[in-house]
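Student: Supplied in structure tokens, the structure appears directly below.
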Amino acid sequence: MRSGWWNGTWLVARRALAEGLASRSWRVVTGLMLLAGLAVVVVPRLLGEEATTYRLAVVGEAPEALTRQLDAAGRAADFQVRVLARSDAAAVEATVRDGDADVGLAGSGQGTTVYVGPDRAGPFPSIVAGAVTAGRTAQALVDAGLTPQQIATVQGTEPPRQVVVGRVDDRARAGVGFAVGIVLYIALLITGIGIATTVATEKATRVSEVLLSVLRPSQLLVGTVVGAGLLSLLQIAALAVPAGGSLLLSHRSDVPASAAPDIALAVLWFLLGLAVYAFVFAALAALVDKVTEVNGAIVPVQMLLIGAYLIAVVVTISSPTSPVSVAASLFPLTSPIVMPVRWASGLVPVWQLVASMVLAVATAVLLARFASLVYRRGVVRTGQRVKLREVLGREHAPSPGLVRPTRGQGSGRV
Amino acid sequence: MLEALQVSHRFGHRVVLDAITLRVRPGVLTGLLGPNGAGKTTLLRLLLGVIEPDAGRFMLDGEPVTALARQRWGYLPQERGLYPAMKAGDQVAYFGRLHGLDAPEATRRARELLTEVGLSDRWEDRTDRLSGGQQQRLQLASSLVHDPHVIVLDEPFAGLDPVAVADLSRTLTERVRAGRTVLLSSHQLDLVQELCEEIVMIDHGRTVLSGAVADLRSSSGSRQLRLVLVPPDQSWLSGVPGAQVVEAAADELRIALSPGTDPLSVLDAARAAGRVTDFGLDLPTLSQLFLDAAGHAVDAGERALEPETTRP
């Protein structure tokens, strides 16, 4: 009756899905996710479109040759120059010192001085110095008797092409890993809490009693996990699709080309993480008696998630090949968060990725079996919080919810 | 016929059910009765497959009960089990789907059942917006939505007002007349003695009394004289053999008559003592039968330690 098994399971999952979709809290969180996903794309663009403006303080009017040079450089390197006129060199120096100008220029000929503010203003001081030098070189060439044609040839010499190499791309990719780590951690935690709450609510309201008279425990367990997992996947999609999609379309230079596959791999890891943690959340929640006890009951698996997340952001991002990072990215109880973060560093051999995935799947299967056992025995015991060792022992422990203390006469017969 | 045969179950070292046998015939409303803690709920949970028995078998029409067969049953648990955030109608339809109905059929049946329990205008309301009594009716609708052939109800009358008791009794009687197999449990023995045709009484996990209610009550041999005497007085009874007070309310005396005692002679003695304004002759109630039987069962068990202590 495989199809029958799946029919019942899907009914459970679909009910959980429908209830989640209708709930206000799910809609609010998903709306926020969507906004966050759009913000990742829109906000940097808004910031990026604001052109850089450098302020240059000079004595009196700036020489026309200099402003022409700077404008040309600005067009090439995407910046603008605002010239501030001051009365003398001292005033220029004071303006730069106070931070009202990025660079100051005073004197002429050999006595020319470039004042640079404390912020150094990136390449602008060099650009100004270059422009001044170029003007003086041109004057020197004229003085030396070269024809304007010869001067133009000399000045037409192109500067070498600049190419950024090395860590910049890796750093951006590590940023993707950082984002993936946070999103995975929050998504797994929210999904797990959702599953635990559903299980505890069903047990506390005794719905599970009715359900178990119709369904097998595994159907109820898997259906609940699938329903909650789908709800979280939709939220992750609200975050990842606008962000990832527009990254792919925009060809942004500051985001590495590997971001989209990294994000896709993170979604796969969410499913693996769900398989590893979700059944544990469900099993622990099956031990509670009241819904309010859920928070305490799921602390062990929450600690596991927090530990994995801390290893990922504290150790793995800064040193992805350290022994701790490698071990945590292979260990199946931490790998669902650590491995995708480490993978974004670009320093993971493919065999390690495959190995950690296989380990995660195998662990998920074992944990699902273990959790089914705990769930099956825990969910029918009501009246007080059930201890884990009570459901794992061979003997069935007494259930105060079912049997009230026997009277004196009765105990004699047992 | 639905049968539980020699069913035993224990929690830890405590025996909750000890070789209980129970038979429920189609068309005969059967009650599983006993005080709180007797093991009724455990037996029903075992019957429904919520937990597994340590020993014993469940049979339906001579075949072992399977999970597939149970899917067609209806179960009303003792504690109400409903999703608080679900719409009332969706809830009933959902349980219909779980019991194997397709979507349109489940919706159609859910409308019928909501109408039957008087909630036809509450389909769109969230379950937790309904009153306690309405939720109980919604639970009943959920357990009957798929028109089950076997209906099991655990303490269905607990907490119901008299009107709701009458409504539920009518609903169950209709199902029984239609040939359904109906088993209900209750600790309110006197409440269900008019409703159930057959009963099994259990106490401390053992059967203490079983059979047709009418036979059990009439064959006990003892009857009760109920009378209102003005002024209230019991001293005259000391001179009447075979009569014993079992209940003395504010103005009413209930007197158990031992077999062979003539009720009229007792009535004459009462009239000699004062003015009798009301009187009647009753069969013993189920709770009195239970008290008698449970006392005997305990004695028998302590004397002989026999596994079978069932009394006819």
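Ligands are numbered from 1 in the order shown, chains are lettered A, B, ... in the order of the structure tokens, and residues start at 1 in each chain.
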List as a PyMOL selection string the protein and nucleic acid residues near segment 98-106 of chain A, meaning an atom at most 12 Å away when only C-alpha atoms are counted, but skip any in the same chain fewer than 4 places from it.
Tutor: chain A and resi 52-63+66+81-94+110-129+131-132
Student: Could you give me, as a tab-separated table, every chain B residue with an atom at most 8 Å from chain A, plus its closest atom pair and distance in Å to one decimal, counting only C-alpha atoms, rows ordered by chain then number?
Tutor:
residue	atom	partner	partner_atom	distance
B:Arg10	CA	A:His396	CA	7.6
B:Phe11	CA	A:Pro398	CA	4.4
B:Gly12	CA	A:Ala397	CA	4.6
B:His13	CA	A:Pro398	CA	8.0
B:Arg14	CA	A:Val414	CA	6.6
B:Val15	CA	A:Val414	CA	6.2
B:Val16	CA	A:Val403	CA	7.3
B:Asn36	CA	A:Arg404	CA	7.5
B:Gly37	CA	A:Arg404	CA	5.1
B:Ala38	CA	A:Val403	CA	7.7
B:Gly39	CA	A:Val403	CA	7.0
B:Thr41	CA	A:Leu402	CA	7.1
B:Thr42	CA	A:Leu402	CA	6.7
B:Leu48	CA	A:Ser213	CA	5.4
B:Gly49	CA	A:Ser213	CA	5.9
B:Val50	CA	A:Ser213	CA	5.5
B:Ile51	CA	A:Val380	CA	7.5
B:Ala67	CA	A:Val214	CA	7.5
B:Arg70	CA	A:Val214	CA	6.7
B:Gln71	CA	A:Val214	CA	5.0
B:Tyr75	CA	A:Val210	CA	6.7
B:Leu76	CA	A:Val210	CA	7.5
B:Pro77	CA	A:Val210	CA	6.8
B:Glu79	CA	A:Arg206	CA	6.4
B:Arg80	CA	A:Arg206	CA	6.3
B:Gly81	CA	A:Val207	CA	3.8
B:Leu82	CA	A:Val207	CA	5.4
B:Tyr83	CA	A:Val207	CA	6.9
B:Ala85	CA	A:Glu19	CA	7.4
B:Met86	CA	A:Glu19	CA	7.0
B:Tyr94	CA	A:Arg15	CA	7.9
B:Arg97	CA	A:Leu11	CA	7.6
B:Leu98	CA	A:Gly8	CA	6.3
B:His99	CA	A:Val214	CA	6.8
B:His204	CA	A:Gly410	CA	6.1
B:Val298	CA	A:Gln409	CA	7.1
B:Gly301	CA	A:Arg413	CA	7.3
B:Glu302	CA	A:Arg413	CA	7.3
B:Leu305	CA	A:Arg413	CA	7.8
Student: With N, CA and C atoms retained, write the just-selected residues as a short mmCIF file (atom, residue, chain, number, x, y, z; two decimals), in the first residue's frame.
Tutor:
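The resulting file, out.cif, is reproduced below:
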data_model
loop_
_atom_site.label_atom_id
_atom_site.label_comp_id
_atom_site.auth_asym_id
_atom_site.auth_seq_id
_atom_site.Cartn_x
_atom_site.Cartn_y
_atom_site.Cartn_z
N ARG B 10 -0.36 -3.82 29.83
CA ARG B 10 0.24 -3.30 31.05
C ARG B 10 1.10 -2.10 30.75
N PHE B 11 1.15 -1.19 31.69
CA PHE B 11 2.08 -0.07 31.63
C PHE B 11 3.11 -0.31 32.71
N GLY B 12 4.33 -0.57 32.30
CA GLY B 12 5.35 -0.92 33.28
C GLY B 12 4.94 -2.22 33.95
N HIS B 13 4.86 -2.18 35.27
CA HIS B 13 4.49 -3.40 35.98
C HIS B 13 3.00 -3.41 36.35
N ARG B 14 2.30 -2.36 35.97
CA ARG B 14 0.90 -2.29 36.36
C ARG B 14 0.01 -2.86 35.24
N VAL B 15 -0.78 -3.85 35.61
CA VAL B 15 -1.71 -4.44 34.65
C VAL B 15 -2.91 -3.51 34.52
N VAL B 16 -3.13 -3.01 33.31
CA VAL B 16 -4.24 -2.09 33.08
C VAL B 16 -5.45 -2.85 32.58
N ASN B 36 -13.76 5.73 36.70
CA ASN B 36 -12.53 6.31 36.17
C ASN B 36 -11.35 5.42 36.50
N GLY B 37 -10.47 5.20 35.52
CA GLY B 37 -9.29 4.40 35.79
C GLY B 37 -9.52 2.91 35.66
N ALA B 38 -10.70 2.51 35.18
CA ALA B 38 -10.99 1.08 35.06
C ALA B 38 -10.24 0.45 33.90
N GLY B 39 -9.82 1.27 32.92
CA GLY B 39 -9.14 0.74 31.75
C GLY B 39 -9.94 0.89 30.46
N THR B 41 -10.57 3.59 28.46
CA THR B 41 -9.91 4.33 27.39
C THR B 41 -8.78 3.51 26.78
N THR B 42 -8.03 2.81 27.63
CA THR B 42 -6.94 1.98 27.11
C THR B 42 -7.48 0.90 26.18
N LEU B 48 -8.62 0.72 18.58
CA LEU B 48 -8.45 1.62 17.44
C LEU B 48 -7.03 1.58 16.89
N GLY B 49 -6.14 0.82 17.54
CA GLY B 49 -4.79 0.71 17.01
C GLY B 49 -3.90 1.88 17.36
N VAL B 50 -4.33 2.76 18.28
CA VAL B 50 -3.48 3.87 18.69
C VAL B 50 -2.27 3.33 19.46
N ILE B 51 -2.50 2.31 20.28
CA ILE B 51 -1.40 1.60 20.92
C ILE B 51 -1.58 0.11 20.68
N ALA B 67 -5.29 -2.42 9.87
CA ALA B 67 -5.23 -0.96 9.82
C ALA B 67 -6.14 -0.44 8.71
N ARG B 70 -9.67 -0.43 9.91
CA ARG B 70 -9.91 0.64 10.88
C ARG B 70 -10.09 1.99 10.22
N GLN B 71 -9.53 2.12 9.02
CA GLN B 71 -9.65 3.40 8.33
C GLN B 71 -11.12 3.73 8.05
N TYR B 75 -14.15 7.28 15.18
CA TYR B 75 -13.65 7.28 16.55
C TYR B 75 -13.83 8.66 17.16
N LEU B 76 -14.53 8.72 18.27
CA LEU B 76 -14.67 9.96 19.01
C LEU B 76 -13.86 9.81 20.29
N PRO B 77 -12.68 10.47 20.36
CA PRO B 77 -11.83 10.28 21.55
C PRO B 77 -12.41 11.00 22.76
N GLU B 79 -10.88 13.02 24.92
CA GLU B 79 -10.55 14.43 24.92
C GLU B 79 -10.65 14.92 23.49
N ARG B 80 -11.28 16.06 23.32
CA ARG B 80 -11.61 16.51 21.98
C ARG B 80 -10.36 16.79 21.18
N GLY B 81 -10.29 16.26 19.97
CA GLY B 81 -9.13 16.47 19.12
C GLY B 81 -9.49 17.20 17.85
N LEU B 82 -9.31 18.51 17.84
CA LEU B 82 -9.62 19.31 16.66
C LEU B 82 -8.49 20.31 16.45
N TYR B 83 -8.27 20.71 15.20
CA TYR B 83 -7.29 21.75 14.91
C TYR B 83 -7.90 23.11 15.22
N ALA B 85 -7.12 26.19 14.58
CA ALA B 85 -7.10 27.27 13.58
C ALA B 85 -7.85 26.91 12.30
N MET B 86 -8.36 25.68 12.21
CA MET B 86 -9.02 25.27 10.97
C MET B 86 -10.48 25.71 10.96
N TYR B 94 -11.76 17.41 6.06
CA TYR B 94 -10.40 16.85 6.15
C TYR B 94 -10.43 15.45 6.74
N ARG B 97 -11.58 13.10 4.17
CA ARG B 97 -10.51 12.72 3.24
C ARG B 97 -9.61 11.66 3.86
N LEU B 98 -9.25 11.88 5.15
CA LEU B 98 -8.37 10.91 5.82
C LEU B 98 -9.01 9.53 5.85
N HIS B 99 -10.34 9.51 5.96
CA HIS B 99 -11.04 8.22 6.02
C HIS B 99 -11.32 7.67 4.64
N HIS B 204 -10.75 -2.08 37.43
CA HIS B 204 -9.36 -2.48 37.59
C HIS B 204 -8.91 -3.44 36.50
N VAL B 298 -13.89 -8.45 43.62
CA VAL B 298 -12.69 -8.30 44.42
C VAL B 298 -12.55 -9.47 45.39
N GLY B 301 -11.57 -12.61 43.50
CA GLY B 301 -10.18 -12.56 43.06
C GLY B 301 -9.22 -12.85 44.21
N GLU B 302 -9.55 -12.31 45.39
CA GLU B 302 -8.63 -12.52 46.51
C GLU B 302 -8.69 -13.95 47.03
N LEU B 305 -7.79 -16.22 43.07
CA LEU B 305 -6.78 -15.77 42.12
C LEU B 305 -6.99 -16.36 40.73
#
Student: If you measure from atom CA of Val176 of chain B to atom CA of Leu29 of chain B, what distance in Å do you get, rounded to one decimal?
Tutor: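 According to the coordinates, atom CA of Val176 of chain B and atom CA of Leu29 of chain B are separated by 6.2 Å.
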Student: May I have the residues within 10 Å of Leu153 of chain B as an NGL selection string, using only C-alpha atoms and disregarding those fewer than 5 positions away in the same chain?
Tutor: :B and (31-32 or 41 or 44 or 74-78 or 140 or 143 or 172 or 182-186)
Student: Can you list, as a list in words, every protein, DNA or RNA residue that comes within 8 Å of Asp289 of chain A when you count only C-alpha atoms, leaving out same-chain residues fewer than 5 positions away?
Tutor: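 Once the adjacent positions are removed, what remains is Ala200, Lys203, Ala204, Thr382, Gly383, Gln384, Arg385 and Val386 of chain A.
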Student: Produce a file of the selected residues containing C-alpha atoms, as a PDB file, in the first residue's frame.
Tutor:
ATOM      1  CA  ALA A 200       2.923  19.464  20.205  1.00  0.00           C
ATOM      2  CA  LYS A 203      -0.676  16.028  20.825  1.00  0.00           C
ATOM      3  CA  ALA A 204      -2.019  18.600  23.303  1.00  0.00           C
ATOM      4  CA  THR A 382      -0.404  12.229  27.835  1.00  0.00           C
ATOM      5  CA  GLY A 383      -0.790  13.753  31.257  1.00  0.00           C
ATOM      6  CA  GLN A 384       2.801  14.810  31.903  1.00  0.00           C
ATOM      7  CA  ARG A 385       6.061  15.454  30.117  1.00  0.00           C
ATOM      8  CA  VAL A 386       7.555  12.154  28.944  1.00  0.00           C
TER       9      VAL A 386
END
Student: Show which residues sit within 10 Å of segment 25-29 of chain A, as a list in words. Count only C-alpha atoms, and ignore same-chain residues fewer than 5 positions away.
Tutor: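 Returned residues: Glu19, Gly20, Leu34, Leu35, Leu231, Ser232, Gln235 and Ala238 of chain A.
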Student: Restricted to N, CA and C atoms, what would the selected residues look like written as an mmCIF file, in the first residue's frame?
Tutor:
data_model
loop_
_atom_site.group_PDB
_atom_site.id
_atom_site.type_symbol
_atom_site.label_atom_id
_atom_site.label_comp_id
_atom_site.auth_asym_id
_atom_site.auth_seq_id
_atom_site.Cartn_x
_atom_site.Cartn_y
_atom_site.Cartn_z
ATOM 1 N N GLU A 19 -2.850 25.502 6.271
ATOM 2 C CA GLU A 19 -2.997 26.269 7.502
ATOM 3 C C GLU A 19 -1.897 27.324 7.612
ATOM 4 N N GLY A 20 -0.675 26.928 7.183
ATOM 5 C CA GLY A 20 0.433 27.884 7.220
ATOM 6 C C GLY A 20 0.205 29.052 6.274
ATOM 7 N N LEU A 34 10.565 38.650 1.096
ATOM 8 C CA LEU A 34 10.499 39.168 -0.271
ATOM 9 C C LEU A 34 11.138 40.556 -0.326
ATOM 10 N N LEU A 35 10.809 41.388 0.662
ATOM 11 C CA LEU A 35 11.396 42.731 0.719
ATOM 12 C C LEU A 35 12.917 42.639 0.852
ATOM 13 N N LEU A 231 6.475 25.075 3.446
ATOM 14 C CA LEU A 231 6.214 26.463 3.862
ATOM 15 C C LEU A 231 7.520 27.254 3.916
ATOM 16 N N SER A 232 8.577 26.631 4.474
ATOM 17 C CA SER A 232 9.854 27.330 4.578
ATOM 18 C C SER A 232 10.511 27.497 3.217
ATOM 19 N N GLN A 235 9.236 30.474 1.628
ATOM 20 C CA GLN A 235 9.816 31.692 2.189
ATOM 21 C C GLN A 235 11.231 31.918 1.667
ATOM 22 N N ALA A 238 11.037 33.250 -1.710
ATOM 23 C CA ALA A 238 10.710 34.680 -1.707
ATOM 24 C C ALA A 238 11.963 35.520 -1.515
#
Student: Separation of atom CA of Arg217 of chain B and atom CA of Val150 of chain B, in Å?
Tutor: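 Computing it gives 27.2 Å between the two atoms.
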Student: Which residues in segment 292-347 of chain A does DSSP call alpha helix (DSSP H)? List them as a PyMOL selection string.
Tutor: chain A and resi 294-297+299-310+323-330+335-343
Student: Tell me which protein, DNA and RNA residues are within 7 Å of segment 256-265 of chain B, counting only C-alpha atoms, leaving out same-chain ones fewer than 3 positions away, and put them as a PyMOL selection string.
Tutor: chain B and resi 221-225+242-246+268-269
Student: Which neighbours of Leu367 of chain A fall inside 9 Å, counting only C-alpha atoms, when residues of the same chain fewer than 4 positions from it are skipped, and could you give them as a list in words?
Tutor: Ala275, Val276, Tyr277, Phe279, Val280, Ala362, Thr363, Ala371 and Ser372 of chain A
Student: Go ahead and write the selection's residues with N, CA and C atoms as an mmCIF file, in the first residue's frame.
Tutor:
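Result went into part_12.cif, see below:
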data_model
loop_
_atom_site.group_PDB
_atom_site.id
_atom_site.type_symbol
_atom_site.label_atom_id
_atom_site.label_comp_id
_atom_site.auth_asym_id
_atom_site.auth_seq_id
_atom_site.Cartn_x
_atom_site.Cartn_y
_atom_site.Cartn_z
ATOM 1 N N ALA A 275 16.087 17.275 6.483
ATOM 2 C CA ALA A 275 16.003 15.829 6.695
ATOM 3 C C ALA A 275 16.734 15.423 7.973
ATOM 4 N N VAL A 276 17.859 16.102 8.259
ATOM 5 C CA VAL A 276 18.640 15.728 9.447
ATOM 6 C C VAL A 276 17.954 16.203 10.731
ATOM 7 N N TYR A 277 17.523 17.485 10.746
ATOM 8 C CA TYR A 277 17.053 18.071 12.007
ATOM 9 C C TYR A 277 15.549 17.918 12.237
ATOM 10 N N PHE A 279 13.192 15.671 11.917
ATOM 11 C CA PHE A 279 12.616 14.540 12.637
ATOM 12 C C PHE A 279 12.979 14.600 14.118
ATOM 13 N N VAL A 280 14.160 15.173 14.409
ATOM 14 C CA VAL A 280 14.551 15.308 15.812
ATOM 15 C C VAL A 280 13.647 16.328 16.499
ATOM 16 N N ALA A 362 22.548 9.606 5.060
ATOM 17 C CA ALA A 362 22.544 8.387 5.873
ATOM 18 C C ALA A 362 22.103 8.697 7.301
ATOM 19 N N THR A 363 22.621 9.806 7.844
ATOM 20 C CA THR A 363 22.232 10.194 9.206
ATOM 21 C C THR A 363 20.747 10.517 9.270
ATOM 22 N N ALA A 371 13.493 8.812 15.395
ATOM 23 C CA ALA A 371 12.457 9.788 15.743
ATOM 24 C C ALA A 371 11.066 9.170 15.623
ATOM 25 N N SER A 372 10.861 8.285 14.634
ATOM 26 C CA SER A 372 9.565 7.630 14.487
ATOM 27 C C SER A 372 9.228 6.831 15.732
#
Student: What separation in Å, quoted to one decimal, exists between atom CA of Tyr375 of chain A and atom CA of Trp269 of chain A?
Tutor: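 Separating atom CA of Tyr375 of chain A from atom CA of Trp269 of chain A is a distance of 24.9 Å.
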Student: Enumerate the residues of segment 199-244 of chain B with a DSSP assignment of strand (DSSP E or B), computed from the backbone, and present them as a PyMOL selection string.
Tutor: chain B and resi 199-203+206-212+223-230+243-244
Student: With N, CA and C atoms kept, could you save the residues just selected as a PDB file, in the first residue's frame?
Tutor:
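Everything below was put into part.pdb:
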ATOM      1  N   ILE B 199     -24.191  -4.209  27.892  1.00  0.00           N
ATOM      2  CA  ILE B 199     -23.076  -3.535  28.552  1.00  0.00           C
ATOM      3  C   ILE B 199     -21.988  -4.542  28.932  1.00  0.00           C
ATOM      4  N   VAL B 200     -20.772  -3.994  29.038  1.00  0.00           N
ATOM      5  CA  VAL B 200     -19.690  -4.720  29.696  1.00  0.00           C
ATOM      6  C   VAL B 200     -19.153  -3.773  30.755  1.00  0.00           C
ATOM      7  N   MET B 201     -19.165  -4.220  32.004  1.00  0.00           N
ATOM      8  CA  MET B 201     -18.624  -3.378  33.073  1.00  0.00           C
ATOM      9  C   MET B 201     -17.249  -3.884  33.439  1.00  0.00           C
ATOM     10  N   ILE B 202     -16.302  -2.958  33.490  1.00  0.00           N
ATOM     11  CA  ILE B 202     -14.960  -3.371  33.915  1.00  0.00           C
ATOM     12  C   ILE B 202     -14.518  -2.539  35.102  1.00  0.00           C
ATOM     13  N   ASP B 203     -13.645  -3.134  35.887  1.00  0.00           N
ATOM     14  CA  ASP B 203     -13.102  -2.449  37.052  1.00  0.00           C
ATOM     15  C   ASP B 203     -11.689  -2.976  37.263  1.00  0.00           C
ATOM     16  N   ARG B 206     -10.571  -5.600  34.811  1.00  0.00           N
ATOM     17  CA  ARG B 206     -11.236  -6.900  34.706  1.00  0.00           C
ATOM     18  C   ARG B 206     -12.723  -6.712  34.472  1.00  0.00           C
ATOM     19  N   THR B 207     -13.310  -7.685  33.782  1.00  0.00           N
ATOM     20  CA  THR B 207     -14.741  -7.636  33.562  1.00  0.00           C
ATOM     21  C   THR B 207     -15.452  -8.028  34.859  1.00  0.00           C
ATOM     22  N   VAL B 208     -16.419  -7.196  35.284  1.00  0.00           N
ATOM     23  CA  VAL B 208     -17.153  -7.558  36.496  1.00  0.00           C
ATOM     24  C   VAL B 208     -18.603  -7.906  36.183  1.00  0.00           C
ATOM     25  N   LEU B 209     -19.107  -7.476  35.052  1.00  0.00           N
ATOM     26  CA  LEU B 209     -20.505  -7.716  34.735  1.00  0.00           C
ATOM     27  C   LEU B 209     -20.677  -7.513  33.240  1.00  0.00           C
ATOM     28  N   SER B 210     -21.435  -8.401  32.577  1.00  0.00           N
ATOM     29  CA  SER B 210     -21.713  -8.152  31.177  1.00  0.00           C
ATOM     30  C   SER B 210     -23.021  -8.816  30.790  1.00  0.00           C
ATOM     31  N   GLY B 211     -23.681  -8.264  29.777  1.00  0.00           N
ATOM     32  CA  GLY B 211     -24.935  -8.841  29.314  1.00  0.00           C
ATOM     33  C   GLY B 211     -25.908  -7.757  28.893  1.00  0.00           C
ATOM     34  N   ALA B 212     -27.184  -8.189  28.654  1.00  0.00           N
ATOM     35  CA  ALA B 212     -28.219  -7.239  28.269  1.00  0.00           C
ATOM     36  C   ALA B 212     -28.656  -6.469  29.509  1.00  0.00           C
ATOM     37  N   ARG B 223     -35.163  -5.519  44.366  1.00  0.00           N
ATOM     38  CA  ARG B 223     -35.832  -4.329  43.876  1.00  0.00           C
ATOM     39  C   ARG B 223     -35.735  -3.239  44.926  1.00  0.00           C
ATOM     40  N   GLN B 224     -36.138  -2.053  44.552  1.00  0.00           N
ATOM     41  CA  GLN B 224     -36.013  -0.931  45.492  1.00  0.00           C
ATOM     42  C   GLN B 224     -37.342  -0.209  45.634  1.00  0.00           C
ATOM     43  N   LEU B 225     -37.671   0.099  46.874  1.00  0.00           N
ATOM     44  CA  LEU B 225     -38.869   0.880  47.155  1.00  0.00           C
ATOM     45  C   LEU B 225     -38.431   2.321  47.415  1.00  0.00           C
ATOM     46  N   ARG B 226     -39.046   3.213  46.673  1.00  0.00           N
ATOM     47  CA  ARG B 226     -38.727   4.636  46.832  1.00  0.00           C
ATOM     48  C   ARG B 226     -39.956   5.291  47.448  1.00  0.00           C
ATOM     49  N   LEU B 227     -39.791   6.005  48.570  1.00  0.00           N
ATOM     50  CA  LEU B 227     -40.971   6.643  49.154  1.00  0.00           C
ATOM     51  C   LEU B 227     -40.629   7.953  49.853  1.00  0.00           C
ATOM     52  N   VAL B 228     -41.652   8.828  49.879  1.00  0.00           N
ATOM     53  CA  VAL B 228     -41.530  10.120  50.549  1.00  0.00           C
ATOM     54  C   VAL B 228     -42.462  10.082  51.753  1.00  0.00           C
ATOM     55  N   LEU B 229     -41.880  10.209  52.950  1.00  0.00           N
ATOM     56  CA  LEU B 229     -42.637  10.069  54.189  1.00  0.00           C
ATOM     57  C   LEU B 229     -42.659  11.414  54.931  1.00  0.00           C
ATOM     58  N   VAL B 230     -43.838  11.806  55.398  1.00  0.00           N
ATOM     59  CA  VAL B 230     -43.956  13.054  56.172  1.00  0.00           C
ATOM     60  C   VAL B 230     -44.496  12.700  57.560  1.00  0.00           C
ATOM     61  N   ALA B 243     -35.489  -5.267  54.569  1.00  0.00           N
ATOM     62  CA  ALA B 243     -35.480  -3.916  53.984  1.00  0.00           C
ATOM     63  C   ALA B 243     -34.293  -3.129  54.534  1.00  0.00           C
ATOM     64  N   GLN B 244     -33.546  -2.499  53.599  1.00  0.00           N
ATOM     65  CA  GLN B 244     -32.354  -1.773  54.037  1.00  0.00           C
ATOM     66  C   GLN B 244     -32.252  -0.457  53.267  1.00  0.00           C
TER      67      GLN B 244
END
Student: Looking at B:Ala158, B:Leu2, B:Leu195, B:Leu130, which one is nearest to Thr173 of chain B, with distances taken over only C-alpha atoms?
Tutor: B:Leu195
Student: Taking only C-alpha atoms into account, name the residue in A:Gly109, A:Leu330, A:Arg14, A:Val374 that is nearest to Ala140 of chain A.
Tutor: A:Gly109
